[in-house]
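Chemist: Before I ask anything, let me first share the structure, which is written out below as structure tokens.
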Amino acid sequence: MTQTAADPSGRSFLAEARDAVTPRATLLVIGVLALQLLFIASYVGALHDPKPKDVPFGVVAPQRAAAEQTVERLDGLPGSPLDPRTVADEASAQRQILDRKLDGALLVDPAGTADTLLVATGGGAALATVLGRLVTTLEEEQGRTLRIVDVVPAADGDFNGLTSFYLVVGWCVGGYLCASILAISAGARPANPRRALIRLAVMVVVAVVGGLGGALIVGPVLDALPGGVAALWGLGALTIFAVGALTLALQGLFGVIGIGLTILLVVIAGNPSAGGAFPAPMLPPFWQAIGPALPPGAGTWVARSIAYFDGNDTTTALLVLSAWAVGGVAVTLLAATWHRRRGEQGAGAGQAGAGPGSGADAGPGRGAEPGPA
């Protein structure tokens with residue numbers, strides 16, 4: 001065959017294309033494109049038009065009749081932005097905000113024309129701002145004025161109360177990247193339970209170091225987030241390990257595709273639903289529902305509770321993170337056990353098939369020891 005300057009190998013373009021982009025690579029590229037579109041759809045869908053929906057909201061008034069009348073008026077607002085309920089007094093309202101049972105409260109003064117709105121920017125400045133605008137508009141319609149009091153303010157170094165979210169996102173990224181590196185470096189599916197245990201043990205070390213590093217950076221180093229270093233360290237270690245164990249589990253089940261599935265759960269579904277930029281009551285129903293069940297959402301809730309709410313209302317979120325960690329460990333070990341048994345069965349079948357007369361059973365004259373006569 002005559003070789004040309006344009007094609008010194010003499011191979012056709014189609015043959016080169018088949019070698020350059022294998023069927024496996026094609027499937028992976030299609031998967032990446034799907035993740036890309038899901039990323040755009042999830043982030044834009046969750047964050048492009050935030051609106052408050054059923055925000056837990058308290059109403060305090062000296063007379064019960066006035067409080068109930070205000071609750072009825074707030075409950076009838078178009079689109080149901082608030083979920084109002086009466087509260088005994090201002091101290092009870094502040095206590096419930098600190099316990100994370102309320103996101104805001106209106107203190108009505110029937111004797112005057114000025115009322116007070118209690119908010120908590122530490123739980124998310126976007127929601128506090130929206131509540132301020134909403135209630136201010138309602139007060140102006142009634143010919144009243146409003147004073148806004150931030151009872152749980154975000155720290156000076158925590159702009160818009162976003163540090164907790166960014167901290168948890170960093171921990172999650174570290175968790176799935178380290179687990180992915182462990183798998184890619186020596187095969188996504190661990191060959192046996194011992195190797196799986198070693199990878200999990202490495203993730204424990206990564207989680208402890210990464211959790212401490214994150215807590216120190218947002219605390220003593222940058223002074224961006226209040227709260228004890230020890231509590232944030234524990235949260236960081238749990239978050240990193242939970243995401244790492246999830247990644248190892250999915251890799252054990254699906255190989256390298258498991259990395260994509262982890263990104264789907266943690267990044268594409270988990271980050272926009274975590275309540276970071278916009279707290280849960282401002283998210284569409286789908287993202288509002290899944291957020292608390294995924295590591296970014298659970299971690300962000302706990303981080304804000306540690307920083308601003310005396311660690312209140314963290315049990316459910318910590319159980320969610322623990323469930324991901326325990327489930328990831330269990331699935332990782334079960335997948336490794338299954339792959340080991342499958343390999344043993346395959347090896348046994350291969351030996352059984354190498355009987356007399358087979359290519360694997362070389363007779364005399366083929367370099368093998370002669371069998372008995």
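For the structure tokens, the naming scheme is as follows: chains receive sequential letters (A, B, ...) according to their order of presentation, residues are indexed from 1 within each chain, and ligands are indexed from 1 in presentation order.
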Would you pick out the contacts of Gly175 of chain A at 12 Å or less, using only C-alpha atoms, so that residues sharing its chain but fewer than 3 positions from it are not included, and give the list as a VMD selection string?

Modeler: chain A and resid 168 to 172 178 to 182 200 202 to 211 236 to 248 259 262 to 263 266 to 267 295 to 296 325

Chemist: Selection from above, C-alpha atoms, as a short mmCIF file (atom, residue, chain, number, x, y, z; two decimals), in the first residue's frame, can you write it?

Modeler:
data_model
loop_
_atom_site.label_atom_id
_atom_site.label_comp_id
_atom_site.auth_asym_id
_atom_site.auth_seq_id
_atom_site.Cartn_x
_atom_site.Cartn_y
_atom_site.Cartn_z
CA VAL A 168 -19.07 21.83 54.11
CA VAL A 169 -18.73 21.91 50.32
CA GLY A 170 -14.95 21.83 50.74
CA TRP A 171 -15.19 18.86 53.07
CA CYS A 172 -17.46 17.02 50.62
CA CYS A 178 -9.62 11.30 47.96
CA ALA A 179 -11.81 8.22 47.63
CA SER A 180 -11.70 8.51 43.84
CA ILE A 181 -7.90 8.77 43.86
CA LEU A 182 -7.63 5.69 46.06
CA LEU A 200 -11.59 2.94 54.43
CA VAL A 202 -7.07 5.80 54.79
CA MET A 203 -10.33 7.72 54.50
CA VAL A 204 -10.53 7.86 58.31
CA VAL A 205 -7.10 9.52 58.41
CA VAL A 206 -8.05 11.92 55.60
CA ALA A 207 -11.31 12.75 57.40
CA VAL A 208 -9.61 13.50 60.71
CA VAL A 209 -6.92 15.69 59.14
CA GLY A 210 -9.28 17.43 56.71
CA GLY A 211 -11.89 18.07 59.38
CA GLY A 236 -15.82 17.83 59.30
CA ALA A 237 -14.42 14.38 59.99
CA LEU A 238 -17.90 12.84 59.82
CA THR A 239 -18.78 14.70 56.61
CA ILE A 240 -15.56 13.81 54.81
CA PHE A 241 -15.75 10.17 55.82
CA ALA A 242 -19.45 9.90 54.91
CA VAL A 243 -18.83 11.23 51.40
CA GLY A 244 -15.66 9.16 51.02
CA ALA A 245 -17.41 5.97 52.12
CA LEU A 246 -20.28 6.72 49.73
CA THR A 247 -17.79 7.16 46.90
CA LEU A 248 -15.97 3.90 47.68
CA ILE A 259 -17.43 8.53 40.62
CA THR A 262 -21.17 10.39 43.54
CA ILE A 263 -20.93 13.71 41.70
CA VAL A 266 -23.23 15.19 46.22
CA VAL A 267 -22.54 17.99 43.75
CA PRO A 295 -24.46 15.21 52.97
CA PRO A 296 -24.08 18.88 51.89
CA ALA A 325 -21.03 6.73 56.54
#

Chemist: Per residue of segment 123-222 of chain A within 12 Å of segment 72-79 of chain A, record the nearest atom pair and its distance in Å to one decimal, counting only C-alpha atoms, with rows in chain order and ascending residue number, as JSON lines.

Modeler:
{"residue": "A:Leu131", "atom": "CA", "partner": "A:Leu74", "partner_atom": "CA", "distance": 11.9}
{"residue": "A:Leu134", "atom": "CA", "partner": "A:Leu77", "partner_atom": "CA", "distance": 10.3}
{"residue": "A:Val135", "atom": "CA", "partner": "A:Leu74", "partner_atom": "CA", "distance": 9.2}
{"residue": "A:Thr137", "atom": "CA", "partner": "A:Leu77", "partner_atom": "CA", "distance": 12.0}
{"residue": "A:Leu138", "atom": "CA", "partner": "A:Leu74", "partner_atom": "CA", "distance": 8.9}
{"residue": "A:Glu139", "atom": "CA", "partner": "A:Leu74", "partner_atom": "CA", "distance": 11.2}
{"residue": "A:Gln142", "atom": "CA", "partner": "A:Arg73", "partner_atom": "CA", "distance": 11.4}

Chemist: I need the strand (DSSP E or B) residues of segment 90-322 of chain A per DSSP on the backbone, written as a PyMOL selection string.

Modeler: chain A and resi 104-107+114-119+145-150

Chemist: Could you go through segment 165-275 of chain A and tell me which residues DSSP, when run on the backbone, assigns to alpha helix (DSSP H), listing them as a PyMOL selection string?

Modeler: chain A and resi 165-186+193-216+229-254+257-262

Chemist: When distances are computed from only C-alpha atoms, which of A:Ile198, A:Val173, A:Leu98, A:Leu146 shows the smallest separation from Leu117 of chain A?

Modeler: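 Closest residue, counting only C-alpha atoms: A:Leu146.
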
Chemist: Let me make sure I understand: among A:Ala330, A:Leu197, A:Ala34, A:Ala15, which one has the smallest atom-to-atom distance to Gly260 of chain A if we use only C-alpha atoms?

Modeler: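 Checking each of A:Ala330, A:Leu197, A:Ala34, A:Ala15 against Gly260 of chain A, counting only C-alpha atoms, the winner is A:Ala34.
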
Chemist: Residues at most 7 Å from Leu106 of chain A, counting only C-alpha atoms, excluding those fewer than 5 positions away in the same chain, as number ranges by chain?

Modeler: A: 58-60, 116-118
